[in-house]
Every structure is written in structure tokens, then in C-alpha cells.
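Trainee: What follows is the file target_18.txt, containing compact mmCIF, C-alpha atoms:
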# COMPACT_ATOMS: atom_id res chain seq x y z
CA MET Y 13 30.58 22.11 63.49
CA ASP Y 14 33.71 21.27 65.40
CA GLU Y 15 32.60 18.97 68.20
CA ALA Y 16 33.99 15.47 68.17
CA VAL Y 17 31.93 12.30 68.50
CA PRO Y 18 31.80 11.12 72.11
CA ALA Y 19 33.84 8.05 72.89
CA LEU Y 20 32.01 4.90 71.84
CA ALA Y 21 30.80 2.67 74.61
CA THR Y 22 32.57 -0.66 74.63
CA GLY Y 23 31.53 -3.97 76.06
CA GLN Y 24 33.63 -6.40 78.05
CA ALA Y 25 36.67 -7.84 76.37
CA SER Y 26 36.46 -11.50 75.42
CA THR Y 27 38.58 -14.00 73.59
CA ASP Y 28 37.03 -12.67 70.40
CA GLY Y 29 38.13 -9.12 71.22
CA VAL Y 30 36.22 -6.07 72.37
CA THR Y 31 32.59 -5.75 71.32
CA GLU Y 32 31.58 -2.19 70.62
CA GLN Y 33 28.09 -1.08 71.56
CA PRO Y 34 26.38 1.17 69.01
CA VAL Y 35 25.95 4.85 69.73
CA ASN Y 36 22.37 5.86 68.95
CA VAL Y 37 21.67 9.47 67.99
CA TYR Y 38 17.98 10.31 68.33
CA ILE Y 39 16.80 13.37 66.38
CA TRP Y 40 13.51 14.61 67.79
CA ASP Y 41 11.10 17.17 66.45
CA MET Y 42 9.78 19.38 69.25
CA ASP Y 43 6.30 20.80 68.61
CA GLU Y 44 3.55 18.21 68.35
CA THR Y 45 6.14 15.52 69.10
CA LEU Y 46 7.87 16.02 72.45
CA ILE Y 47 5.47 18.79 73.43
CA LEU Y 48 1.98 19.89 72.43
CA LEU Y 49 1.26 23.56 71.80
CA LYS Y 50 -0.16 24.39 68.38
CA SER Y 51 -2.76 21.64 68.61
CA LEU Y 52 -3.81 22.94 72.04
CA LEU Y 53 -4.09 26.50 70.77
CA ASP Y 54 -6.14 25.69 67.67
CA GLY Y 55 -8.25 23.01 69.36
CA SER Y 56 -7.21 20.19 67.02
CA TYR Y 57 -5.93 18.07 69.92
CA ALA Y 58 -9.25 18.33 71.74
CA GLY Y 59 -11.13 17.79 68.48
CA ALA Y 60 -9.42 14.44 67.95
CA PHE Y 61 -11.17 13.09 71.06
CA ASP Y 62 -14.74 13.54 69.79
CA GLY Y 63 -15.98 15.73 72.63
CA LEU Y 64 -14.09 14.00 75.44
CA LYS Y 65 -11.66 16.92 75.83
CA ASP Y 66 -12.64 20.49 76.74
CA HIS Y 67 -11.81 22.80 73.78
CA GLU Y 68 -11.84 25.95 75.89
CA LYS Y 69 -9.46 24.48 78.44
CA SER Y 70 -7.15 23.40 75.62
CA THR Y 71 -6.94 26.93 74.24
CA GLU Y 72 -6.40 28.40 77.71
CA ILE Y 73 -3.52 26.01 78.36
CA GLY Y 74 -1.93 26.87 75.03
CA LYS Y 75 -2.20 30.63 75.60
CA ARG Y 76 -0.60 30.32 79.04
CA TRP Y 77 2.31 28.47 77.48
CA GLU Y 78 2.72 31.19 74.85
CA ASN Y 79 2.89 33.83 77.57
CA LEU Y 80 5.42 31.88 79.67
CA ILE Y 81 7.65 31.21 76.67
CA LEU Y 82 7.65 34.86 75.59
CA GLU Y 83 8.25 36.07 79.14
CA LEU Y 84 11.27 33.79 79.59
CA CYS Y 85 12.67 34.81 76.19
CA ASP Y 86 12.26 38.54 76.75
CA GLU Y 87 13.32 38.76 80.37
CA HIS Y 88 16.19 36.27 80.43
CA PHE Y 89 17.23 35.39 76.85
CA PHE Y 90 17.67 38.85 75.25
CA TYR Y 91 14.90 38.07 72.77
CA GLU Y 92 13.73 41.61 72.11
CA GLU Y 93 17.27 42.41 70.98
CA ILE Y 94 18.12 39.28 69.02
CA GLU Y 95 14.77 38.13 67.63
CA ASN Y 96 15.77 39.12 64.08
CA TYR Y 97 19.15 37.38 64.26
CA ASN Y 98 18.22 33.73 64.39
CA GLU Y 99 21.03 31.21 64.17
CA PRO Y 100 20.57 27.47 63.54
CA TYR Y 101 22.34 26.41 66.77
CA LEU Y 102 23.77 28.07 69.84
CA ASN Y 103 27.44 27.59 68.93
CA ALA Y 104 27.07 28.90 65.37
CA LEU Y 105 29.00 32.08 66.19
CA ASN Y 106 31.73 30.52 68.32
CA GLU Y 107 34.44 31.87 66.00
CA TYR Y 108 33.44 35.42 67.05
CA ASP Y 109 33.50 34.64 70.79
CA ASP Y 110 36.88 35.55 72.32
CA GLY Y 111 36.05 33.83 75.59
CA ARG Y 112 35.76 37.03 77.59
CA ASP Y 113 34.56 36.66 81.19
CA LEU Y 114 30.90 37.75 81.12
CA THR Y 115 30.41 37.86 84.90
CA SER Y 116 30.37 41.66 85.00
CA TYR Y 117 29.65 42.28 81.30
CA ASP Y 118 26.98 44.95 80.77
CA PHE Y 119 24.77 43.64 77.96
CA GLU Y 120 22.53 46.70 78.16
CA ALA Y 121 25.44 49.04 77.40
CA ASP Y 122 27.21 47.22 74.56
CA CYS Y 123 24.99 48.75 71.84
CA PHE Y 124 24.16 45.51 70.03
CA SER Y 125 22.38 46.53 66.81
CA SER Y 126 22.52 46.52 63.03
CA PRO Y 127 24.51 46.21 60.86
CA TYR Y 128 25.16 42.53 61.44
CA ASP Y 129 28.93 42.93 61.19
CA ASP Y 130 31.76 41.13 63.01
CA ALA Y 131 31.56 43.44 66.03
CA ASN Y 132 27.86 42.73 66.51
CA LYS Y 133 28.32 39.03 65.83
CA LYS Y 134 30.73 38.99 68.77
CA LYS Y 135 28.06 40.63 70.94
CA LEU Y 136 25.50 38.07 69.77
CA ALA Y 137 27.97 35.26 70.47
CA TYR Y 138 28.30 36.59 74.03
CA ARG Y 139 24.52 36.47 74.39
CA HIS Y 140 24.38 32.95 73.05
CA ARG Y 141 27.03 31.87 75.56
CA ALA Y 142 25.13 33.52 78.40
CA ILE Y 143 21.93 31.76 77.32
CA GLY Y 144 23.76 28.42 77.21
CA GLU Y 145 25.08 28.99 80.73
CA LYS Y 146 21.60 29.81 82.04
CA TYR Y 147 20.19 26.74 80.28
CA ALA Y 148 22.82 24.53 81.94
CA LYS Y 149 21.90 25.87 85.39
CA GLY Y 150 18.21 25.03 84.94
CA LEU Y 151 14.96 26.88 85.38
CA GLU Y 152 15.26 27.03 89.18
CA LYS Y 153 18.39 29.19 88.83
CA VAL Y 154 16.86 31.46 86.18
CA LEU Y 155 13.43 32.24 87.66
CA ASP Y 156 12.38 33.10 91.19
CA GLY Y 157 10.57 30.57 93.36
CA HIS Y 158 7.09 31.89 92.58
CA MET Y 159 7.59 31.70 88.80
CA VAL Y 160 9.16 28.25 89.03
CA LYS Y 161 6.00 27.07 90.80
CA VAL Y 162 3.80 28.74 88.18
CA CYS Y 163 5.71 26.96 85.40
CA ASN Y 164 5.71 23.60 87.15
CA ASP Y 165 1.97 23.88 87.86
CA GLN Y 166 1.40 24.66 84.17
CA TYR Y 167 3.44 21.61 83.20
CA SER Y 168 1.44 19.39 85.56
CA LEU Y 169 -1.87 20.80 84.30
CA THR Y 170 -0.86 20.21 80.69
CA ASP Y 171 0.41 16.71 81.40
CA LYS Y 172 -2.85 15.78 83.10
CA TYR Y 173 -4.94 17.25 80.27
CA THR Y 174 -2.92 15.33 77.66
CA ASP Y 175 -3.01 12.04 79.60
CA GLY Y 176 0.69 12.13 80.39
CA TRP Y 177 2.05 13.19 76.98
CA LEU Y 178 4.82 15.40 78.39
CA SER Y 179 6.01 13.09 81.16
CA SER Y 180 5.97 9.98 78.96
CA ALA Y 181 7.97 11.75 76.24
CA HIS Y 182 10.48 12.88 78.87
CA LYS Y 183 10.73 9.34 80.24
CA LEU Y 184 11.52 7.99 76.78
CA LEU Y 185 14.31 10.55 76.31
CA GLU Y 186 15.70 9.54 79.71
CA GLU Y 187 15.65 5.89 78.69
CA ALA Y 188 17.30 6.75 75.38
CA LEU Y 189 20.23 8.16 77.36
CA GLY Y 190 20.41 5.09 79.57
CA LYS Y 191 18.96 6.84 82.60
CA SER Y 192 16.61 5.17 85.05
CA ALA Y 193 15.08 5.84 88.45
CA SER Y 194 17.75 3.67 90.11
CA ALA Y 195 20.61 5.10 88.01
CA PRO Y 196 19.79 8.75 87.20
CA SER Y 197 23.17 9.37 85.57
CA ALA Y 198 23.35 8.44 81.91
CA ASN Y 199 25.25 5.20 81.41
CA SER Y 200 25.41 5.09 77.64
CA SER Y 201 26.90 7.15 74.86
CA SER Y 202 23.56 7.72 73.17
CA ILE Y 203 22.56 11.28 72.31
CA ASN Y 204 19.32 13.24 72.07
CA CYS Y 205 19.10 16.12 69.58
CA ILE Y 206 16.16 18.37 68.80
CA VAL Y 207 15.60 19.81 65.32
CA THR Y 208 12.70 22.23 65.33
CA SER Y 209 11.25 24.53 62.68
CA GLY Y 210 10.83 27.21 65.36
CA SER Y 211 13.46 29.89 65.93
CA LEU Y 212 16.31 28.98 68.24
CA ILE Y 213 15.83 31.12 71.35
CA PRO Y 214 12.12 30.32 71.93
CA SER Y 215 12.97 26.65 71.33
CA LEU Y 216 15.59 26.74 74.08
CA ALA Y 217 13.03 28.44 76.34
CA LYS Y 218 10.57 25.65 75.57
CA CYS Y 219 13.16 23.03 76.54
CA LEU Y 220 13.52 24.64 79.96
CA LEU Y 221 9.80 25.16 80.52
CA TYR Y 222 8.86 21.66 79.32
CA HIS Y 223 11.55 20.00 81.48
CA LEU Y 224 13.65 18.80 78.53
CA ASP Y 225 16.90 20.49 79.60
CA ASP Y 226 18.10 17.45 81.56
CA VAL Y 227 17.77 15.14 78.54
CA VAL Y 228 18.81 17.51 75.70
CA SER Y 229 21.83 19.80 76.11
CA SER Y 230 21.64 23.31 74.68
CA GLU Y 231 24.24 22.62 71.99
CA ASN Y 232 22.05 19.76 70.71
CA VAL Y 233 19.09 22.01 69.89
CA TYR Y 234 18.87 23.06 66.22
CA SER Y 235 16.59 25.55 64.51
CA SER Y 236 15.73 24.73 60.89
CA TRP Y 237 13.87 28.04 60.51
CA GLU Y 238 16.02 29.31 57.63
CA VAL Y 239 18.20 26.36 56.67
CA GLY Y 240 15.68 23.50 56.60
CA LYS Y 241 15.68 20.20 58.44
CA LEU Y 242 17.78 18.35 55.89
CA GLN Y 243 20.68 20.74 56.46
CA CYS Y 244 20.36 20.29 60.23
CA PHE Y 245 20.32 16.51 59.79
CA LYS Y 246 23.50 16.75 57.70
CA TRP Y 247 25.20 18.83 60.41
CA ILE Y 248 24.24 16.26 63.03
CA LYS Y 249 25.58 13.42 60.91
CA GLU Y 250 28.84 15.30 60.30
CA ARG Y 251 29.19 16.03 64.00
CA PHE Y 252 28.48 12.56 65.39
CA ASP Y 253 29.08 10.11 62.55
CA GLY Y 254 31.33 7.10 63.05
CA PRO Y 255 31.58 3.41 62.15
CA ASN Y 256 29.29 2.35 65.00
CA VAL Y 257 26.86 5.29 65.14
CA ARG Y 258 23.19 4.95 64.24
CA PHE Y 259 20.64 7.73 63.68
CA CYS Y 260 16.87 7.83 64.04
CA ALA Y 261 14.47 10.73 63.40
CA ILE Y 262 11.17 11.05 65.25
CA GLY Y 263 8.58 13.70 64.43
CA ASP Y 264 5.13 14.58 63.17
CA GLY Y 265 5.89 16.45 59.95
CA HIS Y 266 6.52 15.77 56.28
CA GLU Y 267 9.78 17.75 56.22
CA GLU Y 268 11.59 15.62 58.78
CA CYS Y 269 10.22 12.47 57.14
CA SER Y 270 11.61 13.54 53.76
CA ALA Y 271 14.93 14.57 55.28
CA ALA Y 272 15.25 11.21 57.03
CA GLN Y 273 14.60 9.44 53.74
CA VAL Y 274 17.37 11.41 52.06
CA MET Y 275 19.73 10.52 54.92
CA LYS Y 276 18.56 6.87 54.81
CA TRP Y 277 17.65 7.05 58.48
CA PRO Y 278 14.66 5.34 60.09
CA PHE Y 279 11.76 7.71 60.74
CA ILE Y 280 8.97 7.32 63.28
CA LYS Y 281 5.87 9.42 62.73
CA ILE Y 282 4.14 10.84 65.81
CA GLU Y 283 0.44 11.72 65.79
CA PHE Y 284 -1.78 12.95 68.61
CA ARG Y 285 -4.95 11.15 67.51
CA PRO Y 286 -5.89 8.66 70.26
CA GLU Y 287 -5.92 5.77 67.77
CA ALA Y 288 -2.53 6.72 66.26
CA HIS Y 289 0.11 4.03 65.92
CA HIS Y 290 2.83 6.13 67.59
CA ARG Y 291 2.05 8.79 70.19
CA PHE Y 292 2.64 9.62 73.85
CA PRO Y 293 2.00 7.78 76.05
CA GLY Y 294 2.70 4.73 73.94
CA LEU Y 295 5.96 4.98 72.03
CA ASP Y 296 8.72 3.12 73.87
CA LEU Y 297 12.43 2.53 73.44
CA PRO Y 298 12.19 -1.09 72.20
CA THR Y 299 9.93 0.12 69.38
CA VAL Y 300 12.39 2.87 68.42
CA GLN Y 301 15.28 0.42 68.49
CA THR Y 302 13.36 -2.04 66.35
CA TYR Y 303 12.99 0.62 63.65
CA MET Y 304 16.74 1.26 63.85
CA ASP Y 305 17.62 -2.43 63.75
CA VAL Y 306 15.52 -2.99 60.64
CA ILE Y 307 17.17 -0.14 58.72
CA TYR Y 308 20.74 -0.69 59.86
CA GLU Y 309 20.70 -4.47 59.60
CA SER Y 310 19.32 -4.11 56.08
CA SER Y 311 22.02 -1.56 55.23
CA SER Y 312 24.68 -3.90 56.62
CA LYS Y 313 23.46 -6.76 54.44
CA ASP Y 314 23.28 -4.52 51.38
CA GLY Y 315 26.80 -3.31 52.10
What does the file become when written as C-alpha cells?

Mentor:
Amino acid sequence: MDEAVPALATGQASTDGVTEQPVNVYIWDMDETLILLKSLLDGSYAGAFDGLKDHEKSTEIGKRWENLILELCDEHFFYEEIENYNEPYLNALNEYDDGRDLTSYDFEADCFSSPYDDANKKKLAYRHRAIGEKYAKGLEKVLDGHMVKVCNDQYSLTDKYTDGWLSSAHKLLEEALGKSASAPSANSSSINCIVTSGSLIPSLAKCLLYHLDDVVSSENVYSSWEVGKLQCFKWIKERFDGPNVRFCAIGDGHEECSAAQVMKWPFIKIEFRPEAHHRFPGLDLPTVQTYMDVIYESSSKDG
């Protein structure tokens, strides 16, 4: 990956020189961490509440999400064409993209198909760029007003059913970037990345539908579907690493836990059980930073 590390935030100069503030890179799992879907579909989320949650409602909510995700993928993200050509991140084929203006490009007439040769990789790169541009514009520019309301109502219904899981996760990602209600523009150099075991295009659709697009940019979404989470973690480290950069992985699965251990990064395990140590609502930024401080201060002493 060829993107440089963003400039490090620096504190005020003093007689002792300039104090650099650390850049924190947060690597989030998506499903059953930032969002809930599988556990709604199979009833395991409701089951964890010993009869306090309606199983049927849980399944209905999950099925509606499945339909909305597929509809967005098929109608706006070329998914029927490119489903079998998953890439680990949206810029993976940048070398094949000649930068052509796509304003009047006819995607339906360019005959994208097998074999997966250089000519078709260029066509896929065009599609990836178009998807990234739509992602940057936001859901309101992609869907019509009626469908935006349908999606927002579904989000609100899900958030209420899960006691604020979605909105509290979003709030934490905002805080991780240094955003607040009084200062909505990020004021730090911290970065949110998502590494998900799902395929890339549906994962980008989920980010839009679950309101994550304002806290995670499209180029920071990675699919570990074929390559595994450890490889994605290595790419992220290569892309952002520096003398004052710290990493932290947050997720619900064994694979990201193992990958974090290999990378010697702190890992925070998310569970949806109501008595779980870390869940949403509940997990906050001071807790995340404490995990990071423990690991990085220990590493500094060992070094």
C-alpha cells in the first residue's frame, strides 16, 4: 500500500522542545462488534437476555438488514458483476486505474467479465473508484428520499432493540477521532480502520447503512475474506507505522485476537452478553486508551 502516514499531531513547543502526541490507529472488527447482524438473525442476541428480548423481532430485524445490504450492493455497487472478484481493500487495483473521467462512462457497455486479465482489472478498478466516490458522498446522495428514510428507520429500530448498541459504537468511533458535539470536525490524527471477514463490497454497504461512513473512510475498510486478518493487520502497520504510532485491535473473534497477539498489539474482546466486560453501550475511550498505555508503556520499558 502506498499511502503515507498522516502528519503526527504535535503539542505546544516548550523550553524542552516539541512534545509529540501519539497517533492511535484503532482496528475494529465489524460484525458483532460495531454492528449486530448474525446474532440477530440466529437469535443468539435475544437468547442472551433470558426471555427479555423478542426472538421473532430479532430475526425480522436481521432479515430486513440483509435485504437492504443486498439491495444497495446490487443496485449501486455493481455487486452482481463483481461478486466473484473480491479484493482486500478498495485501492488494491489502483495500478490498473488510469484516472479516466468516469462521469459519462458506460459501465453497462464495457463488457466486464472473465478472464480476470489486465483489461478487466482496469474495469474493476473503475468500479472500485466509483464505489469510493459514492461512499464519500454518503447515503443521502446514493438513495432517494424514501429509501433513506427506510434505512434510517431501520437503524433507529435496531438501535432501540439493542439498547443503543449502534449509536454508542458510533459515538466511540467519533471520540476516537477527536470529534465531539461542540467540535464535529476531527481534531486529532487518530485513525479508524475496519478489518472484516466479510467480502469488501457488502462491508462498504454496511458502513453506509449503519452510519459508519463519517468515522471510517472507504480506503480504511479491509476484507480479510481470502487473505486473513493477520495479513490485513500487517498492511495497516506498514501503511501507518511510525515512531509515535500506536495500534489497538477491537473485535469479538479468535482470529483478530490471535493476529493482535502476533503483532504485539493490545486487543479488546467485545461480547453481546449483557454481563460481558466489554460491549456496547459500555466500552469507552478511556478504557481503550488504558489497554494501549499498558502495552506500549511495557514495550517502552522492555526496549

Trainee: Restricting the calculation to all atoms listed in the file: of Y:Ile280, Y:Leu216, Y:Ile73, Y:Cys269, which residue gets closest to Tyr234 of chain Y?

Mentor: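 Among the listed residues, the smallest separation from Tyr234 of chain Y belongs to Y:Leu216.
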
Trainee: Would you work out the distance separating atom CA of Tyr57 of chain Y from atom CA of Val160 of chain Y, expressed in Å to one decimal?

Mentor: 26.4 Å

Trainee: Figure out the distance between atom CA of Asn36 of chain Y and atom CA of Phe252 of chain Y, please, to one decimal in Å.

Mentor: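 Between these atoms lies a distance of 9.7 Å.
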
Trainee: Measuring between all atoms listed in the file, which one of Y:Glu87, Y:Asp226, Y:Asp113, Y:Asp264 shows the shortest distance to Asp43 of chain Y?

Mentor: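 Residue with the minimum atom-to-atom distance to Asp43 of chain Y: Y:Asp264.
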
Trainee: Would you work out the distance separating atom CA of Ser236 of chain Y from atom CA of Glu95 of chain Y, expressed in Å to one decimal?

Mentor: 15.0 Å

Trainee: I'd like the neighbourhood of Asp110 of chain Y as a ChimeraX atom specification, where a residue qualifies if any of its atoms comes within 10 Å (using all atoms listed in the file), though same-chain residues fewer than 4 positions away should be ignored.

Mentor: /Y:106,134,137-138

Trainee: Ranking Y:Glu99, Y:Asp225, Y:Glu287, Y:Glu145 by minimum distance to Trp237 of chain Y and counting all atoms listed in the file, which one comes first?

Mentor: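 Of Y:Glu99, Y:Asp225, Y:Glu287, Y:Glu145, the one nearest Trp237 of chain Y, counting all atoms listed in the file, is Y:Glu99.
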
Trainee: As a list in words, please: the residues near segment 119-124 of chain Y (cut-off 12 Å, all atoms listed in the file, same-chain neighbours under 3 positions excluded).

Mentor: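 In the requested form, the answer reads His88, Phe89, Phe90, Glu92, Glu93, Ile94, Tyr97, Leu114, Thr115, Ser116, Pro127, Tyr128, Asp129, Asp130, Ala131, Asn132, Lys133, Lys134, Lys135, Leu136, Ala137, Tyr138, Arg139, His140 and Ala142 of chain Y.
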
Trainee: Could you tell me which of Y:Cys244, Y:Ala181, Y:Val35, Y:Leu46 comes closest to Tyr101 of chain Y if we count only C-alpha atoms?

Mentor: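 Residue with the minimum atom-to-atom distance to Tyr101 of chain Y: Y:Cys244.
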
Trainee: With distances taken over all atoms listed in the file, which residue among Y:Thr174, Y:Thr208, Y:Ser126, Y:Ser179 lies nearest Gly240 of chain Y?

Mentor: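 So, comparing all the options, the nearest one is Y:Thr208.
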
Trainee: When distances are computed from all atoms listed in the file, which of Y:Asn96, Y:Phe284, Y:Trp177, Y:Arg141 shows the smallest separation from Tyr108 of chain Y?

Mentor: Y:Arg141

Trainee: Would you compute, for all listed atoms of segment 38-45 of chain Y, the axis-aligned bounding box grown by 8 Å on each side, and then report its centre and edge lengths in Å rounded to one decimal, as lines of an AutoDock Vina configuration file?

Mentor:
center_x = 10.8
center_y = 15.6
center_z = 67.8
size_x = 30.4
size_y = 26.5
size_z = 18.9

Trainee: Neighbouring residues of segment 229-233 of chain Y were defined as those with any atom within 12 Å, considering all atoms listed in the file; residues of the same chain fewer than 3 positions away were excluded. Please report them as a ChimeraX atom specification.

Mentor: /Y:13-15,37-42,99-104,106,140-150,185,189,203-220,223-226,236,244-245,247-248,251-252

Trainee: Could you name the residues that touch Ser270 of chain Y at 12 Å or less, counting only C-alpha atoms, but leaving out those on the same chain fewer than 2 positions away, as a list in words?

Mentor: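 That gives Gly240, Lys241, Leu242, Gln243, Phe245, Ala261, Ile262, Gly263, Asp264, Gly265, His266, Glu267, Glu268, Ala272, Gln273, Val274, Met275, Lys276, Trp277, Pro278, Phe279, Ile280 and Lys281 of chain Y.
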
Trainee: Quick one: segment 62-88 of chain Y with N, CA, C and O atoms, as a PDB file, in the frame of the given file?

Mentor:
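File produced: rebuild_39.pdb:
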ATOM      1  N   ASP Y  62     -13.287  13.634  69.997  1.00  0.00           N
ATOM      2  CA  ASP Y  62     -14.740  13.540  69.790  1.00  0.00           C
ATOM      3  C   ASP Y  62     -15.557  13.979  71.012  1.00  0.00           C
ATOM      4  O   ASP Y  62     -16.455  13.275  71.478  1.00  0.00           O
ATOM      5  N   GLY Y  63     -15.202  15.161  71.544  1.00  0.00           N
ATOM      6  CA  GLY Y  63     -15.980  15.730  72.630  1.00  0.00           C
ATOM      7  C   GLY Y  63     -15.545  15.324  74.026  1.00  0.00           C
ATOM      8  O   GLY Y  63     -16.092  15.827  75.013  1.00  0.00           O
ATOM      9  N   LEU Y  64     -14.552  14.441  74.128  1.00  0.00           N
ATOM     10  CA  LEU Y  64     -14.090  14.000  75.440  1.00  0.00           C
ATOM     11  C   LEU Y  64     -13.139  14.993  76.099  1.00  0.00           C
ATOM     12  O   LEU Y  64     -12.898  14.915  77.308  1.00  0.00           O
ATOM     13  N   LYS Y  65     -12.582  15.907  75.300  1.00  0.00           N
ATOM     14  CA  LYS Y  65     -11.660  16.920  75.830  1.00  0.00           C
ATOM     15  C   LYS Y  65     -12.299  18.298  75.695  1.00  0.00           C
ATOM     16  O   LYS Y  65     -12.934  18.615  74.690  1.00  0.00           O
ATOM     17  N   ASP Y  66     -12.081  19.139  76.697  1.00  0.00           N
ATOM     18  CA  ASP Y  66     -12.640  20.490  76.740  1.00  0.00           C
ATOM     19  C   ASP Y  66     -11.844  21.415  75.827  1.00  0.00           C
ATOM     20  O   ASP Y  66     -10.665  21.680  76.071  1.00  0.00           O
ATOM     21  N   HIS Y  67     -12.484  21.919  74.745  1.00  0.00           N
ATOM     22  CA  HIS Y  67     -11.810  22.800  73.780  1.00  0.00           C
ATOM     23  C   HIS Y  67     -11.331  24.084  74.450  1.00  0.00           C
ATOM     24  O   HIS Y  67     -10.212  24.552  74.195  1.00  0.00           O
ATOM     25  N   GLU Y  68     -12.189  24.677  75.265  1.00  0.00           N
ATOM     26  CA  GLU Y  68     -11.840  25.950  75.890  1.00  0.00           C
ATOM     27  C   GLU Y  68     -10.630  25.801  76.811  1.00  0.00           C
ATOM     28  O   GLU Y  68      -9.733  26.646  76.819  1.00  0.00           O
ATOM     29  N   LYS Y  69     -10.602  24.721  77.547  1.00  0.00           N
ATOM     30  CA  LYS Y  69      -9.460  24.480  78.440  1.00  0.00           C
ATOM     31  C   LYS Y  69      -8.185  24.291  77.622  1.00  0.00           C
ATOM     32  O   LYS Y  69      -7.116  24.765  78.006  1.00  0.00           O
ATOM     33  N   SER Y  70      -8.311  23.607  76.500  1.00  0.00           N
ATOM     34  CA  SER Y  70      -7.150  23.400  75.620  1.00  0.00           C
ATOM     35  C   SER Y  70      -6.558  24.732  75.176  1.00  0.00           C
ATOM     36  O   SER Y  70      -5.338  24.949  75.266  1.00  0.00           O
ATOM     37  N   THR Y  71      -7.405  25.622  74.714  1.00  0.00           N
ATOM     38  CA  THR Y  71      -6.940  26.930  74.240  1.00  0.00           C
ATOM     39  C   THR Y  71      -6.316  27.734  75.370  1.00  0.00           C
ATOM     40  O   THR Y  71      -5.278  28.387  75.188  1.00  0.00           O
ATOM     41  N   GLU Y  72      -6.941  27.675  76.549  1.00  0.00           N
ATOM     42  CA  GLU Y  72      -6.400  28.400  77.710  1.00  0.00           C
ATOM     43  C   GLU Y  72      -5.010  27.894  78.070  1.00  0.00           C
ATOM     44  O   GLU Y  72      -4.111  28.687  78.351  1.00  0.00           O
ATOM     45  N   ILE Y  73      -4.825  26.596  78.052  1.00  0.00           N
ATOM     46  CA  ILE Y  73      -3.520  26.010  78.360  1.00  0.00           C
ATOM     47  C   ILE Y  73      -2.478  26.479  77.346  1.00  0.00           C
ATOM     48  O   ILE Y  73      -1.362  26.886  77.704  1.00  0.00           O
ATOM     49  N   GLY Y  74      -2.856  26.446  76.070  1.00  0.00           N
ATOM     50  CA  GLY Y  74      -1.930  26.870  75.030  1.00  0.00           C
ATOM     51  C   GLY Y  74      -1.530  28.333  75.155  1.00  0.00           C
ATOM     52  O   GLY Y  74      -0.352  28.687  74.998  1.00  0.00           O
ATOM     53  N   LYS Y  75      -2.483  29.200  75.451  1.00  0.00           N
ATOM     54  CA  LYS Y  75      -2.200  30.630  75.600  1.00  0.00           C
ATOM     55  C   LYS Y  75      -1.278  30.893  76.791  1.00  0.00           C
ATOM     56  O   LYS Y  75      -0.387  31.753  76.736  1.00  0.00           O
ATOM     57  N   ARG Y  76      -1.484  30.147  77.877  1.00  0.00           N
ATOM     58  CA  ARG Y  76      -0.600  30.320  79.040  1.00  0.00           C
ATOM     59  C   ARG Y  76       0.830  29.930  78.677  1.00  0.00           C
ATOM     60  O   ARG Y  76       1.776  30.590  79.108  1.00  0.00           O
ATOM     61  N   TRP Y  77       0.964  28.868  77.906  1.00  0.00           N
ATOM     62  CA  TRP Y  77       2.310  28.470  77.480  1.00  0.00           C
ATOM     63  C   TRP Y  77       2.945  29.562  76.623  1.00  0.00           C
ATOM     64  O   TRP Y  77       4.131  29.879  76.784  1.00  0.00           O
ATOM     65  N   GLU Y  78       2.184  30.116  75.692  1.00  0.00           N
ATOM     66  CA  GLU Y  78       2.720  31.190  74.850  1.00  0.00           C
ATOM     67  C   GLU Y  78       3.240  32.342  75.706  1.00  0.00           C
ATOM     68  O   GLU Y  78       4.335  32.877  75.445  1.00  0.00           O
ATOM     69  N   ASN Y  79       2.483  32.717  76.715  1.00  0.00           N
ATOM     70  CA  ASN Y  79       2.890  33.830  77.570  1.00  0.00           C
ATOM     71  C   ASN Y  79       4.153  33.500  78.365  1.00  0.00           C
ATOM     72  O   ASN Y  79       5.051  34.338  78.502  1.00  0.00           O
ATOM     73  N   LEU Y  80       4.236  32.277  78.887  1.00  0.00           N
ATOM     74  CA  LEU Y  80       5.420  31.880  79.670  1.00  0.00           C
ATOM     75  C   LEU Y  80       6.660  31.818  78.802  1.00  0.00           C
ATOM     76  O   LEU Y  80       7.746  32.238  79.216  1.00  0.00           O
ATOM     77  N   ILE Y  81       6.512  31.301  77.589  1.00  0.00           N
ATOM     78  CA  ILE Y  81       7.650  31.210  76.670  1.00  0.00           C
ATOM     79  C   ILE Y  81       8.166  32.600  76.317  1.00  0.00           C
ATOM     80  O   ILE Y  81       9.377  32.874  76.375  1.00  0.00           O
ATOM     81  N   LEU Y  82       7.245  33.503  75.968  1.00  0.00           N
ATOM     82  CA  LEU Y  82       7.650  34.860  75.590  1.00  0.00           C
ATOM     83  C   LEU Y  82       8.275  35.594  76.772  1.00  0.00           C
ATOM     84  O   LEU Y  82       9.271  36.310  76.608  1.00  0.00           O
ATOM     85  N   GLU Y  83       7.715  35.397  77.956  1.00  0.00           N
ATOM     86  CA  GLU Y  83       8.250  36.070  79.140  1.00  0.00           C
ATOM     87  C   GLU Y  83       9.679  35.608  79.435  1.00  0.00           C
ATOM     88  O   GLU Y  83      10.563  36.421  79.735  1.00  0.00           O
ATOM     89  N   LEU Y  84       9.920  34.303  79.349  1.00  0.00           N
ATOM     90  CA  LEU Y  84      11.270  33.790  79.590  1.00  0.00           C
ATOM     91  C   LEU Y  84      12.241  34.304  78.533  1.00  0.00           C
ATOM     92  O   LEU Y  84      13.366  34.711  78.857  1.00  0.00           O
ATOM     93  N   CYS Y  85      11.815  34.322  77.274  1.00  0.00           N
ATOM     94  CA  CYS Y  85      12.670  34.810  76.190  1.00  0.00           C
ATOM     95  C   CYS Y  85      13.032  36.281  76.377  1.00  0.00           C
ATOM     96  O   CYS Y  85      14.210  36.667  76.256  1.00  0.00           O
ATOM     97  N   ASP Y  86      12.039  37.095  76.662  1.00  0.00           N
ATOM     98  CA  ASP Y  86      12.260  38.540  76.750  1.00  0.00           C
ATOM     99  C   ASP Y  86      13.046  38.941  77.993  1.00  0.00           C
ATOM    100  O   ASP Y  86      13.927  39.801  77.932  1.00  0.00           O
ATOM    101  N   GLU Y  87      12.734  38.320  79.117  1.00  0.00           N
ATOM    102  CA  GLU Y  87      13.320  38.760  80.370  1.00  0.00           C
ATOM    103  C   GLU Y  87      14.684  38.130  80.672  1.00  0.00           C
ATOM    104  O   GLU Y  87      15.478  38.700  81.424  1.00  0.00           O
ATOM    105  N   HIS Y  88      14.959  36.980  80.055  1.00  0.00           N
ATOM    106  CA  HIS Y  88      16.190  36.270  80.430  1.00  0.00           C
ATOM    107  C   HIS Y  88      17.058  35.860  79.234  1.00  0.00           C
ATOM    108  O   HIS Y  88      18.217  35.518  79.429  1.00  0.00           O
TER     109      HIS Y  88
END
